file query26.cif (mmCIF, C-alpha atoms and all ligand atoms)
data_final
loop_
_atom_site.label_atom_id
_atom_site.label_comp_id
_atom_site.auth_asym_id
_atom_site.auth_seq_id
_atom_site.Cartn_x
_atom_site.Cartn_y
_atom_site.Cartn_z
CA MET A 1 27.51 2.71 7.97
CA LEU A 2 27.15 1.43 4.42
CA VAL A 3 24.45 -1.16 3.96
CA LYS A 4 24.93 -4.17 1.77
CA THR A 5 22.05 -5.16 -0.50
CA ASP A 6 21.20 -8.84 -0.31
CA ASN A 7 18.36 -11.02 -1.39
CA ASN A 8 16.70 -11.94 1.86
CA LEU A 9 14.04 -10.16 3.84
CA SER A 10 16.11 -10.00 6.99
CA GLY A 11 18.17 -7.46 5.07
CA LEU A 12 15.27 -5.03 5.55
CA LYS A 13 15.95 -4.95 9.26
CA ARG A 14 19.58 -4.13 8.77
CA ARG A 15 19.25 -1.60 6.02
CA ILE A 16 17.77 1.31 7.86
CA ASP A 17 20.45 3.83 8.61
CA LEU A 18 18.77 7.17 8.93
CA SER A 19 21.87 9.13 9.71
CA GLN A 20 23.88 8.86 6.52
CA PRO A 21 23.60 10.57 3.15
CA GLN A 22 22.98 8.27 0.19
CA GLN A 23 26.07 6.69 -1.36
CA ASN A 24 26.64 4.01 -3.94
CA THR A 25 29.98 2.34 -4.09
CA ALA A 26 31.78 0.14 -6.56
CA ASP A 27 31.27 -2.98 -4.45
CA GLY A 28 27.49 -2.67 -4.62
CA THR A 29 26.89 -1.24 -1.17
CA VAL A 30 24.11 1.32 -0.91
CA SER A 31 23.18 3.79 1.72
CA PRO A 32 19.66 5.19 1.24
CA ILE A 33 18.67 8.74 0.26
CA ILE A 34 17.44 10.81 3.19
CA ASP A 35 14.62 13.37 3.13
CA LYS A 36 14.31 16.60 5.14
CA PHE A 37 13.07 14.64 8.19
CA HIS A 38 15.82 12.00 8.01
CA ARG A 39 13.57 9.36 6.48
CA SER A 40 15.23 6.89 4.09
CA LEU A 41 13.81 6.01 0.69
CA LEU A 42 13.36 2.23 1.03
CA ALA A 43 10.09 1.34 -0.65
CA LEU A 44 8.19 2.05 -3.86
CA ARG A 45 4.47 1.54 -4.50
CA ILE A 46 3.64 1.22 -8.15
CA SER A 47 0.08 1.75 -9.31
CA VAL A 48 -0.36 -0.18 -12.57
CA THR A 49 -3.87 1.05 -13.33
CA ASP A 50 -6.36 3.60 -12.00
CA ARG A 51 -9.29 1.42 -13.05
CA CYS A 52 -11.16 -0.85 -10.68
CA ASN A 53 -13.99 -3.37 -10.79
CA HIS A 54 -15.14 -2.41 -7.28
CA ARG A 55 -16.56 0.90 -6.10
CA CYS A 56 -15.68 0.92 -2.40
CA PRO A 57 -17.39 4.02 -0.96
CA TYR A 58 -14.26 5.04 0.98
CA CYS A 59 -12.10 5.01 -2.15
CA MET A 60 -14.04 5.27 -5.38
CA PRO A 61 -17.69 6.07 -4.53
CA LYS A 62 -19.85 5.06 -7.46
CA GLU A 63 -21.69 8.39 -7.50
CA SER A 64 -18.42 10.16 -8.40
CA PHE A 65 -16.79 7.45 -10.50
CA SER A 66 -19.36 6.21 -12.96
CA LYS A 67 -18.60 4.88 -16.45
CA SER A 68 -18.39 8.45 -17.75
CA TYR A 69 -15.45 9.31 -15.45
CA SER A 70 -12.25 10.08 -17.36
CA PHE A 71 -9.73 7.52 -16.22
CA ILE A 72 -6.15 7.80 -17.49
CA PRO A 73 -6.11 7.05 -21.25
CA TYR A 74 -4.38 3.72 -21.86
CA GLU A 75 -1.63 5.30 -23.97
CA GLU A 76 -0.67 7.39 -20.96
CA TYR A 77 -0.01 4.32 -18.82
CA LEU A 78 3.64 3.53 -18.28
CA SER A 79 4.63 0.43 -20.25
CA PHE A 80 6.13 -2.53 -18.38
CA GLU A 81 9.54 -1.62 -19.81
CA GLU A 82 9.19 1.93 -18.47
CA ILE A 83 8.09 0.67 -15.05
CA ALA A 84 11.03 -1.76 -14.94
CA THR A 85 13.48 1.00 -15.94
CA LEU A 86 12.22 3.17 -13.10
CA ALA A 87 12.22 0.26 -10.66
CA ARG A 88 15.85 -0.48 -11.49
CA ALA A 89 16.70 3.17 -10.84
CA PHE A 90 14.93 3.05 -7.48
CA VAL A 91 16.69 -0.15 -6.43
CA SER A 92 20.03 1.37 -7.41
CA LEU A 93 19.16 4.18 -4.98
CA GLY A 94 18.53 1.83 -2.07
CA VAL A 95 14.88 0.77 -2.48
CA VAL A 96 14.44 -2.83 -1.31
CA LYS A 97 10.65 -3.27 -1.36
CA ILE A 98 8.22 -2.80 -4.22
CA ARG A 99 4.45 -3.21 -4.01
CA LEU A 100 2.16 -3.33 -7.04
CA THR A 101 -1.23 -1.77 -6.51
CA GLY A 102 -3.90 0.31 -8.24
CA GLY A 103 -6.87 0.64 -8.88
CA GLU A 104 -7.15 -3.09 -9.19
CA PRO A 105 -3.74 -4.38 -10.33
CA LEU A 106 -5.13 -7.69 -11.59
CA LEU A 107 -7.09 -5.74 -14.22
CA ARG A 108 -3.81 -4.82 -15.92
CA PRO A 109 -3.34 -7.38 -18.71
CA ARG A 110 -0.29 -9.66 -18.38
CA ILE A 111 0.60 -8.36 -14.90
CA SER A 112 2.68 -11.51 -14.29
CA GLU A 113 5.05 -10.43 -17.07
CA LEU A 114 5.77 -7.28 -15.10
CA ILE A 115 6.36 -9.32 -11.96
CA ARG A 116 8.86 -11.48 -13.84
CA MET A 117 10.69 -8.37 -15.07
CA LEU A 118 10.85 -6.82 -11.61
CA LYS A 119 12.05 -10.06 -10.03
CA GLU A 120 15.13 -9.92 -12.20
CA ILE A 121 16.30 -6.73 -10.51
CA ASP A 122 19.36 -7.45 -8.48
CA GLY A 123 19.01 -6.01 -4.98
CA LEU A 124 15.20 -6.03 -4.81
CA GLU A 125 14.41 -8.00 -1.68
CA ASP A 126 10.63 -8.03 -1.58
CA LEU A 127 7.94 -7.84 -4.28
CA ALA A 128 4.33 -7.69 -3.10
CA LEU A 129 0.90 -6.97 -4.57
CA THR A 130 -2.34 -5.63 -3.07
CA THR A 131 -5.59 -6.79 -4.65
CA ASN A 132 -9.30 -6.74 -3.92
CA GLY A 133 -9.19 -10.48 -4.61
CA SER A 134 -12.04 -10.60 -7.11
CA LEU A 135 -9.82 -11.93 -9.92
CA LEU A 136 -7.33 -13.73 -7.72
CA ALA A 137 -8.57 -17.25 -8.38
CA LYS A 138 -7.71 -16.85 -12.04
CA HIS A 139 -4.28 -15.29 -11.43
CA ALA A 140 -2.91 -16.80 -8.20
CA ALA A 141 -0.83 -19.59 -9.75
CA GLU A 142 0.76 -17.37 -12.40
CA LEU A 143 1.55 -14.65 -9.83
CA LYS A 144 3.37 -17.22 -7.73
CA SER A 145 5.28 -18.75 -10.60
CA ALA A 146 6.28 -15.28 -11.82
CA GLY A 147 8.01 -14.82 -8.46
CA LEU A 148 5.66 -12.61 -6.41
CA ASN A 149 6.82 -12.83 -2.79
CA ARG A 150 3.79 -11.60 -0.91
CA LEU A 151 0.10 -10.96 -1.37
CA THR A 152 -2.31 -8.63 0.43
CA VAL A 153 -6.03 -9.09 -0.09
CA SER A 154 -8.41 -6.31 0.92
CA LEU A 155 -11.57 -7.68 2.53
CA ASP A 156 -13.77 -5.57 4.77
CA SER A 157 -16.49 -8.02 5.69
CA VAL A 158 -17.41 -11.69 5.64
CA ASP A 159 -21.11 -10.86 5.59
CA PRO A 160 -22.34 -10.97 1.97
CA ASN A 161 -24.63 -7.96 2.41
CA ILE A 162 -22.13 -5.74 4.19
CA PHE A 163 -19.47 -6.80 1.71
CA LYS A 164 -21.75 -5.77 -1.15
CA THR A 165 -22.17 -2.32 0.39
CA MET A 166 -18.46 -1.92 1.06
CA SER A 167 -17.51 -2.86 -2.48
CA GLY A 168 -20.06 -0.44 -3.91
CA GLY A 169 -22.41 -3.22 -5.03
CA ALA A 170 -19.74 -4.52 -7.36
CA GLY A 171 -18.05 -7.42 -5.63
CA ASP A 172 -19.07 -10.99 -4.86
CA LEU A 173 -17.73 -12.32 -1.55
CA ASN A 174 -17.49 -15.89 -2.93
CA ASP A 175 -14.97 -14.71 -5.52
CA ILE A 176 -12.71 -13.35 -2.80
CA PHE A 177 -12.89 -16.57 -0.76
CA THR A 178 -12.17 -18.66 -3.87
CA GLY A 179 -9.29 -16.32 -4.67
CA ILE A 180 -7.77 -16.78 -1.21
CA THR A 181 -8.14 -20.58 -1.49
CA GLU A 182 -6.45 -20.62 -4.90
CA ALA A 183 -3.68 -18.37 -3.58
CA GLU A 184 -3.09 -20.79 -0.69
CA LYS A 185 -2.93 -23.69 -3.16
CA ALA A 186 -0.45 -21.73 -5.26
CA GLY A 187 1.84 -21.43 -2.24
CA PHE A 188 1.01 -18.02 -0.75
CA ASN A 189 0.92 -19.37 2.77
CA GLN A 190 0.84 -16.12 4.72
CA ILE A 191 -1.52 -13.62 3.11
CA LYS A 192 -2.20 -10.24 4.71
CA ILE A 193 -5.91 -9.48 4.81
CA ASN A 194 -6.60 -5.72 5.00
CA ALA A 195 -9.93 -4.58 6.41
CA ILE A 196 -11.23 -1.07 6.85
CA ALA A 197 -13.55 -0.66 9.77
CA GLN A 198 -15.92 2.23 9.37
CA LYS A 199 -18.54 3.31 11.89
CA GLY A 200 -22.04 2.74 10.62
CA LEU A 201 -20.90 0.13 8.11
CA ASN A 202 -19.03 -2.93 9.36
CA PRO A 203 -18.08 -2.76 13.08
CA ASP A 204 -20.45 -5.64 13.85
CA ASP A 205 -18.47 -7.79 11.46
CA ILE A 206 -15.05 -7.29 13.05
CA LEU A 207 -15.29 -10.37 15.25
CA ASN A 208 -16.53 -12.46 12.33
CA LEU A 209 -13.50 -11.38 10.30
CA VAL A 210 -11.29 -12.39 13.23
CA ARG A 211 -13.03 -15.78 13.48
CA GLN A 212 -12.59 -16.33 9.74
CA PHE A 213 -8.81 -15.90 9.80
CA LYS A 214 -7.79 -16.83 13.35
CA GLY A 215 -5.90 -20.09 13.32
CA THR A 216 -4.96 -19.76 9.67
CA ASN A 217 -1.50 -18.53 8.85
CA HIS A 218 -2.95 -15.33 7.36
CA ILE A 219 -2.66 -11.99 9.14
CA LEU A 220 -5.74 -9.82 9.44
CA ARG A 221 -5.00 -6.10 9.67
CA PHE A 222 -7.48 -3.36 10.46
CA ILE A 223 -6.86 0.01 8.82
CA GLU A 224 -8.42 3.20 10.11
CA TYR A 225 -10.68 4.85 7.57
CA MET A 226 -8.74 7.74 6.02
CA ASP A 227 -9.59 11.02 4.32
CA ALA A 228 -7.99 9.77 1.12
CA GLY A 229 -8.74 11.73 -2.05
CA ASN A 230 -11.52 14.28 -2.22
CA CYS A 231 -14.72 12.33 -2.80
CA ASN A 232 -15.36 9.87 0.00
CA GLY A 233 -17.15 12.32 2.29
CA TRP A 234 -14.78 11.45 5.14
CA ARG A 235 -15.75 12.56 8.61
CA LYS A 236 -13.68 11.92 11.70
CA GLU A 237 -16.81 10.73 13.52
CA ASN A 238 -16.94 7.72 11.17
CA VAL A 239 -13.43 6.53 12.00
CA LEU A 240 -13.38 3.49 14.22
CA SER A 241 -10.07 3.90 16.02
CA SER A 242 -7.53 1.11 16.42
CA GLU A 243 -7.99 1.43 20.18
CA GLU A 244 -11.71 0.74 19.84
CA ILE A 245 -11.04 -2.20 17.51
CA LEU A 246 -8.41 -3.60 19.86
CA LYS A 247 -10.76 -3.34 22.84
CA LEU A 248 -13.54 -5.06 20.96
CA ILE A 249 -11.38 -7.98 19.80
CA ASN A 250 -9.55 -8.31 23.10
CA GLN A 251 -12.84 -8.86 25.00
CA THR A 252 -13.50 -12.06 23.05
CA PHE A 253 -10.03 -13.07 21.87
CA PRO A 254 -7.41 -11.82 24.35
CA LEU A 255 -4.32 -10.38 22.71
CA LYS A 256 -0.81 -9.39 23.65
CA ARG A 257 1.47 -6.87 21.94
CA LEU A 258 4.28 -8.17 19.72
CA ASN A 259 7.49 -6.40 18.74
CA PRO A 260 7.65 -4.97 15.22
CA ASN A 261 9.20 -7.22 12.55
CA TYR A 262 11.51 -4.37 11.61
CA PRO A 263 12.02 -0.74 12.68
CA GLY A 264 9.30 1.53 11.31
CA GLU A 265 6.72 -1.22 10.58
CA VAL A 266 3.42 0.64 10.14
CA ALA A 267 1.13 -2.04 11.61
CA ARG A 268 1.17 -2.58 15.36
CA ARG A 269 1.23 -6.34 15.88
CA TYR A 270 -0.81 -8.32 18.42
CA GLN A 271 -0.77 -12.06 19.07
CA PHE A 272 -3.75 -14.08 20.28
CA ILE A 273 -2.70 -15.32 23.69
CA ASP A 274 -3.95 -18.80 22.82
CA GLY A 275 -1.14 -18.83 20.23
CA ASN A 276 -3.50 -19.04 17.26
CA GLY A 277 -2.08 -16.28 15.12
CA GLU A 278 -1.77 -12.51 15.10
CA ILE A 279 -3.53 -9.37 13.90
CA GLY A 280 -2.27 -5.91 12.94
CA LEU A 281 -3.65 -2.41 13.51
CA ILE A 282 -2.79 0.47 11.21
CA SER A 283 -3.66 3.73 12.89
CA SER A 284 -3.11 6.37 10.24
CA ILE A 285 -5.62 8.74 11.84
CA THR A 286 -5.19 8.33 15.58
CA GLN A 287 -1.45 7.54 15.68
CA PRO A 288 0.15 8.82 12.48
CA PHE A 289 3.44 7.21 11.50
CA CYS A 290 4.83 9.85 9.13
CA GLN A 291 8.14 9.83 11.00
CA ASP A 292 8.70 6.28 9.72
CA CYS A 293 7.32 6.73 6.20
CA THR A 294 9.92 5.45 3.74
CA ARG A 295 7.75 5.11 0.58
CA MET A 296 7.58 6.89 -2.69
CA ARG A 297 4.62 6.27 -4.97
CA LEU A 298 4.41 5.98 -8.75
CA SER A 299 1.06 6.47 -10.48
CA ALA A 300 0.00 4.49 -13.55
CA ASP A 301 0.65 7.53 -15.75
CA GLY A 302 4.18 7.98 -14.45
CA LYS A 303 3.96 10.61 -11.75
CA LEU A 304 5.97 10.30 -8.57
CA TYR A 305 4.42 11.26 -5.24
CA ASN A 306 6.08 11.67 -1.88
CA CYS A 307 2.88 11.13 0.09
CA LEU A 308 -0.48 9.39 -0.19
CA PHE A 309 -2.10 12.76 0.40
CA ALA A 310 0.06 14.75 -1.98
CA GLU A 311 -1.43 17.38 -4.23
CA ASN A 312 1.04 17.14 -7.10
CA GLY A 313 3.41 14.61 -8.55
CA LEU A 314 6.61 14.80 -10.54
CA ASP A 315 6.08 13.75 -14.17
CA ILE A 316 8.91 11.24 -14.54
CA LYS A 317 7.31 9.67 -17.64
CA LYS A 318 8.00 12.86 -19.53
CA ALA A 319 11.71 12.49 -18.80
CA LEU A 320 11.60 8.82 -19.78
CA ARG A 321 9.78 9.45 -23.07
CA GLN A 322 12.03 12.35 -23.97
CA ASN A 323 14.95 9.94 -23.71
CA SER A 324 16.56 11.88 -20.90
CA SER A 325 19.74 10.24 -19.70
CA LYS A 326 19.55 7.76 -16.84
CA GLU A 327 21.55 10.21 -14.71
CA ASP A 328 18.93 12.91 -15.34
CA PHE A 329 15.93 10.95 -14.20
CA ILE A 330 17.85 9.43 -11.29
CA SER A 331 18.83 12.88 -10.09
CA ALA A 332 15.20 14.00 -10.46
CA ILE A 333 14.16 11.17 -8.11
CA VAL A 334 16.95 11.94 -5.67
CA ASN A 335 16.06 15.63 -5.55
CA LEU A 336 12.37 14.89 -5.09
CA TRP A 337 13.11 12.74 -2.03
CA LYS A 338 15.77 15.02 -0.63
CA ASP A 339 13.32 17.94 -0.65
CA ARG A 340 10.55 15.87 0.91
CA GLU A 341 8.79 17.42 3.90
CA ASP A 342 5.48 15.57 3.55
CA ARG A 343 3.75 14.48 6.76
CA TYR A 344 0.09 15.07 6.06
CA SER A 345 -1.28 12.72 8.72
CA GLN A 346 0.65 14.56 11.41
CA LEU A 347 -0.69 17.89 10.16
CA ARG A 348 -4.23 16.74 9.38
CA ASN A 349 -5.95 18.23 12.43
CA GLU A 350 -4.15 21.53 12.05
CA LEU A 351 -4.92 21.77 8.32
CA GLN A 352 -8.55 20.91 8.90
CA ALA A 353 -8.88 23.48 11.67
CA LEU A 354 -7.41 26.14 9.37
CA ASN A 355 -9.57 24.95 6.46
CA LYS A 356 -6.38 24.36 4.48
CA VAL A 357 -6.77 20.72 3.43
CA PRO A 358 -5.31 20.46 -0.08
CA GLN A 359 -6.94 18.85 -3.15
CA LYS A 360 -5.39 15.42 -2.83
CA ILE A 361 -4.58 12.78 -5.39
CA GLU A 362 -7.26 10.04 -5.31
CA MET A 363 -6.33 6.81 -3.54
CA PHE A 364 -7.15 4.55 -6.52
CA ALA A 365 -4.78 6.62 -8.69
CA ILE A 366 -1.82 6.17 -6.42
CA GLY A 367 -2.42 2.91 -4.52
CA GLY A 368 -3.06 2.52 -0.80
N1 LIG B 1 -7.75 -2.42 -5.40
C1 LIG B 1 -6.78 -2.99 -4.55
C2 LIG B 1 -7.34 -3.29 -3.20
O1 LIG B 1 -8.40 -2.77 -2.87
O2 LIG B 1 -6.72 -4.04 -2.47
C3 LIG B 1 -5.53 -2.16 -4.42
C4 LIG B 1 -5.68 -0.68 -4.35
S1 LIG B 1 -6.52 -0.06 -2.93
C5 LIG B 1 -6.49 1.68 -3.19
C6 LIG B 1 -5.30 -0.35 -1.68
C7 LIG B 1 -5.78 -0.30 -0.26
O3 LIG B 1 -6.22 1.00 0.04
C8 LIG B 1 -6.91 -1.24 0.07
O4 LIG B 1 -6.51 -2.12 1.09
C9 LIG B 1 -7.99 -0.31 0.56
O5 LIG B 1 -8.75 -0.88 1.59
C10 LIG B 1 -7.21 0.90 1.02
N2 LIG B 1 -8.02 2.11 1.05
C11 LIG B 1 -8.70 2.67 0.03
N3 LIG B 1 -9.34 3.79 0.44
C12 LIG B 1 -9.07 3.93 1.76
C13 LIG B 1 -9.46 4.86 2.76
N4 LIG B 1 -10.25 5.89 2.49
N5 LIG B 1 -8.99 4.69 4.01
C14 LIG B 1 -8.17 3.65 4.32
N6 LIG B 1 -7.75 2.73 3.41
C15 LIG B 1 -8.21 2.86 2.14
FE1 LIG B 2 -10.97 -0.52 -6.01
FE2 LIG B 2 -9.24 -1.06 -4.12
FE3 LIG B 2 -10.34 1.36 -4.27
FE4 LIG B 2 -11.86 -0.66 -3.54
S1 LIG B 2 -10.08 0.12 -2.43
S2 LIG B 2 -12.40 0.88 -5.08
S3 LIG B 2 -11.03 -2.32 -4.69
S4 LIG B 2 -8.99 0.46 -5.73
FE1 LIG B 3 3.62 8.83 4.64
FE2 LIG B 3 2.13 10.86 3.85
FE3 LIG B 3 1.02 8.78 5.08
FE4 LIG B 3 2.56 10.49 6.46
S1 LIG B 3 0.62 10.94 5.49
S2 LIG B 3 2.62 8.24 6.55
S3 LIG B 3 4.08 11.01 4.89
S4 LIG B 3 2.02 8.74 3.09
#

call {"tool": "encode", "arguments": {"input": "query26.cif", "output": "structure tokens", "more": "lines below"}}
Ligand code: SAM
Ligand code: SF4
Ligand code: SF4
result
Amino acid sequence: MLVKTDNNLSGLKRRIDLSQPQQNTADGTVSPIIDKFHRSLLALRISVTDRCNHRCPYCMPKESFSKSYSFIPYEEYLSFEEIATLARAFVSLGVVKIRLTGGEPLLRPRISELIRMLKEIDGLEDLALTTNGSLLAKHAAELKSAGLNRLTVSLDSVDPNIFKTMSGGAGDLNDIFTGITEAEKAGFNQIKINAIAQKGLNPDDILNLVRQFKGTNHILRFIEYMDAGNCNGWRKENVLSSEEILKLINQTFPLKRLNPNYPGEVARRYQFIDGNGEIGLISSITQPFCQDCTRMRLSADGKLYNCLFAENGLDIKKALRQNSSKEDFISAIVNLWKDREDRYSQLRNELQALNKVPQKIEMFAIGG
């Protein structure tokens, strides 16, 4: 089956054909590239900066990432033109979704210009951005008018003190609320709110988060705390599982399971039975979804990664800056995906038991 690229989101549901090798044809039909485990390359996450104005302890603990830390030198960042060139290549290979992330993507100057450039790519169906929300009030209107389709705001607590702890003492909760309000005014009417629930930190605030967003059009999603990077001191005992979160919410706000929006959706969806909205649970630790993982990741300095927990990336910037032909860097991307065997979350327990956990790329360098 060849899959036609079109400009609406429903196309995402129709595109996934895991059985066929990638093909491009003269009439613009694309069949995605397949990796070693028959997963299609459908999505790209682009980190536009490794810098951040928060210091969330699960991502960028302030003890390890002080001012003296060597972030990527600015001249090593991919330019917007370079990012757009790569994005066009990815879309030509069947990618339909792009998400901008970081670090904090709103720290990258003129980010809306990049959004405008990416929106011009024929065949890209969905352009989204994940932010900590601290600078959203200032940027919401320009993000919308540049053509951003969807927004995710990370917010772990609605208690000012817990929020302070979970942003490493760096964030102000009022800024996030103002940001969400400005985003609503700008026309982002269904924002995803991502919250990490970590034992010992914010479990008592889960119901307050639910109360805050229930009945709005926004979708609150709880993400299990992951062993991302090498510095967050992750211990399995501190993971609050999706099952525990579900049980807790269900006791006060009864829920029922919803079908996924499209095959391979990573969040499990639940609707409040009173009809006042839905929540999502992302269970990367207790129910890994590697078998459905269709994303490649591009770091701010132009390295491509097949997995959030990868050790090494492919330096595609080098090829770009050496003026390699388009065919050369496209075939580098194709080969990277075709050789892909990554499935860290499925192997986590085994690797930990054998003491073979690799040195991983840090989460803020690659985007969540
Ligand atoms: N700075 C932006 C933000 O926080 O939304 C974008 C980048 S951040 C790395 C992307 C997402 O990764 C956030 O939603 C964050 O909560 C999530 N994240 C970071 N470290 C994590 C961890 N150890 N476990 C689970 N999610 C994590
Ligand atoms: Fe920054 Fe996002 Fe990481 Fe928090 S999760 S430190 S906001 S990059
Ligand atoms: Fe994808 Fe790697 Fe996460 Fe598995 S562990 S879902 S392969 S990013």

call {"tool": "closest_atom_pairs", "arguments": {"input": "query26.cif", "of": "chain A", "to": "ligand LIG 3 (chain B)", "cutoff": "6 Å", "atoms": "all atoms listed in the file", "output": "CSV"}}
result
residue,atom,partner,partner_atom,distance
A:Phe289,CA,B:LIG3,S2,5.1
A:Cys290,CA,B:LIG3,FE4,3.6
A:Cys293,CA,B:LIG3,FE1,4.5
A:Cys307,CA,B:LIG3,FE2,3.8
A:Leu308,CA,B:LIG3,S4,4.2
A:Phe309,CA,B:LIG3,FE2,5.8
A:Asp342,CA,B:LIG3,S3,5.0
A:Arg343,CA,B:LIG3,S3,4.0
A:Tyr344,CA,B:LIG3,S1,4.2
A:Ser345,CA,B:LIG3,S1,4.1

call {"tool": "closest_atom_pairs", "arguments": {"input": "query26.cif", "of": "chain A", "to": "ligand LIG 1 (chain B)", "cutoff": "9 Å", "atoms": "only C-alpha atoms and all ligand atoms", "output": "tab-separated table"}}
result
residue	atom	partner	partner_atom	distance
A:Ser47	CA	B:LIG1	C4	8.0
A:Asp50	CA	B:LIG1	C4	8.8
A:Arg51	CA	B:LIG1	N1	8.7
A:Cys52	CA	B:LIG1	N1	6.5
A:Asn53	CA	B:LIG1	N1	8.3
A:His54	CA	B:LIG1	N1	7.6
A:Cys56	CA	B:LIG1	N3	7.5
A:Pro57	CA	B:LIG1	N4	8.1
A:Tyr58	CA	B:LIG1	N4	4.4
A:Cys59	CA	B:LIG1	N3	4.0
A:Met60	CA	B:LIG1	N3	7.6
A:Leu100	CA	B:LIG1	C3	8.2
A:Thr101	CA	B:LIG1	C3	4.8
A:Gly102	CA	B:LIG1	C4	4.4
A:Gly103	CA	B:LIG1	N1	4.7
A:Glu104	CA	B:LIG1	N1	3.9
A:Pro105	CA	B:LIG1	C3	6.6
A:Leu106	CA	B:LIG1	N1	8.5
A:Leu129	CA	B:LIG1	C3	8.0
A:Thr130	CA	B:LIG1	O2	4.7
A:Thr131	CA	B:LIG1	O2	3.7
A:Asn132	CA	B:LIG1	O2	4.0
A:Gly133	CA	B:LIG1	O2	7.2
A:Thr152	CA	B:LIG1	O2	7.0
A:Val153	CA	B:LIG1	O2	5.6
A:Ser154	CA	B:LIG1	O2	4.4
A:Leu155	CA	B:LIG1	O5	7.4
A:Asp156	CA	B:LIG1	O5	7.6
A:Ile193	CA	B:LIG1	O4	8.3
A:Asn194	CA	B:LIG1	O4	5.3
A:Ala195	CA	B:LIG1	O5	6.2
A:Ile196	CA	B:LIG1	O5	5.8
A:Ala197	CA	B:LIG1	C14	8.8
A:Ile223	CA	B:LIG1	C14	5.9
A:Glu224	CA	B:LIG1	C14	5.8
A:Tyr225	CA	B:LIG1	N5	3.9
A:Met226	CA	B:LIG1	N5	3.7
A:Asp227	CA	B:LIG1	N4	5.5
A:Ala228	CA	B:LIG1	N4	4.7
A:Gly229	CA	B:LIG1	N4	7.5
A:Asn232	CA	B:LIG1	N4	6.9
A:Trp234	CA	B:LIG1	N4	7.6
A:Ser284	CA	B:LIG1	C14	8.2
A:Glu362	CA	B:LIG1	C5	8.7
A:Met363	CA	B:LIG1	C5	5.1
A:Phe364	CA	B:LIG1	C5	4.4
A:Ala365	CA	B:LIG1	C5	7.6
A:Ile366	CA	B:LIG1	C5	7.2
A:Gly367	CA	B:LIG1	C5	4.5
A:Gly368	CA	B:LIG1	O3	3.6

call {"tool": "atom_distance", "arguments": {"input": "query26.cif", "atom1": "atom CA of A:Arg116", "atom2": "atom CA of A:Leu143"}}
result
8.9 Å

call {"tool": "axis_aligned_box", "arguments": {"input": "query26.cif", "around": "stretch 246-258 of chain A", "padding_each_side": "4 Å", "output": "lines of an AutoDock Vina configuration file"}}
result
center_x = -4.6
center_y = -8.2
center_z = 22.4
size_x = 25.8
size_y = 17.7
size_z = 13.3

call {"tool": "atom_distance", "arguments": {"input": "query26.cif", "atom1": "atom CA of A:Glu182", "atom2": "atom CA of A:Leu151"}}
result
12.2 Å

call {"tool": "atom_distance", "arguments": {"input": "query26.cif", "atom1": "atom CA of A:Lys360", "atom2": "atom CA of A:Ala310"}}
result
5.6 Å

call {"tool": "closest_residue", "arguments": {"input": "query26.cif", "among": "A:Glu120, A:Glu76, A:Glu350, A:Glu63", "to": "A:Cys231", "atoms": "all atoms listed in the file"}}
result
A:Glu63

call {"tool": "closest_residue", "arguments": {"input": "query26.cif", "among": "A:Ile83, A:Val96, A:Ala300, A:Ile273", "to": "A:Phe71", "atoms": "only C-alpha atoms"}}
result
A:Ala300

call {"tool": "closest_residue", "arguments": {"input": "query26.cif", "among": "A:Ile34, A:Ile176, A:Glu125, A:Val158", "to": "ligand LIG 2 (chain B)", "atoms": "all atoms listed in the file"}}
result
A:Ile176

call {"tool": "closest_residue", "arguments": {"input": "query26.cif", "among": "A:Asp315, A:Asp301, A:Glu244, A:Asp172", "to": "ligand LIG 2 (chain B)", "atoms": "only C-alpha atoms and all ligand atoms"}}
result
A:Asp172

call {"tool": "closest_residue", "arguments": {"input": "query26.cif", "among": "A:Leu298, A:Leu107, A:Tyr77, A:Ala87", "to": "ligand LIG 2 (chain B)", "atoms": "all atoms listed in the file"}}
result
A:Leu107
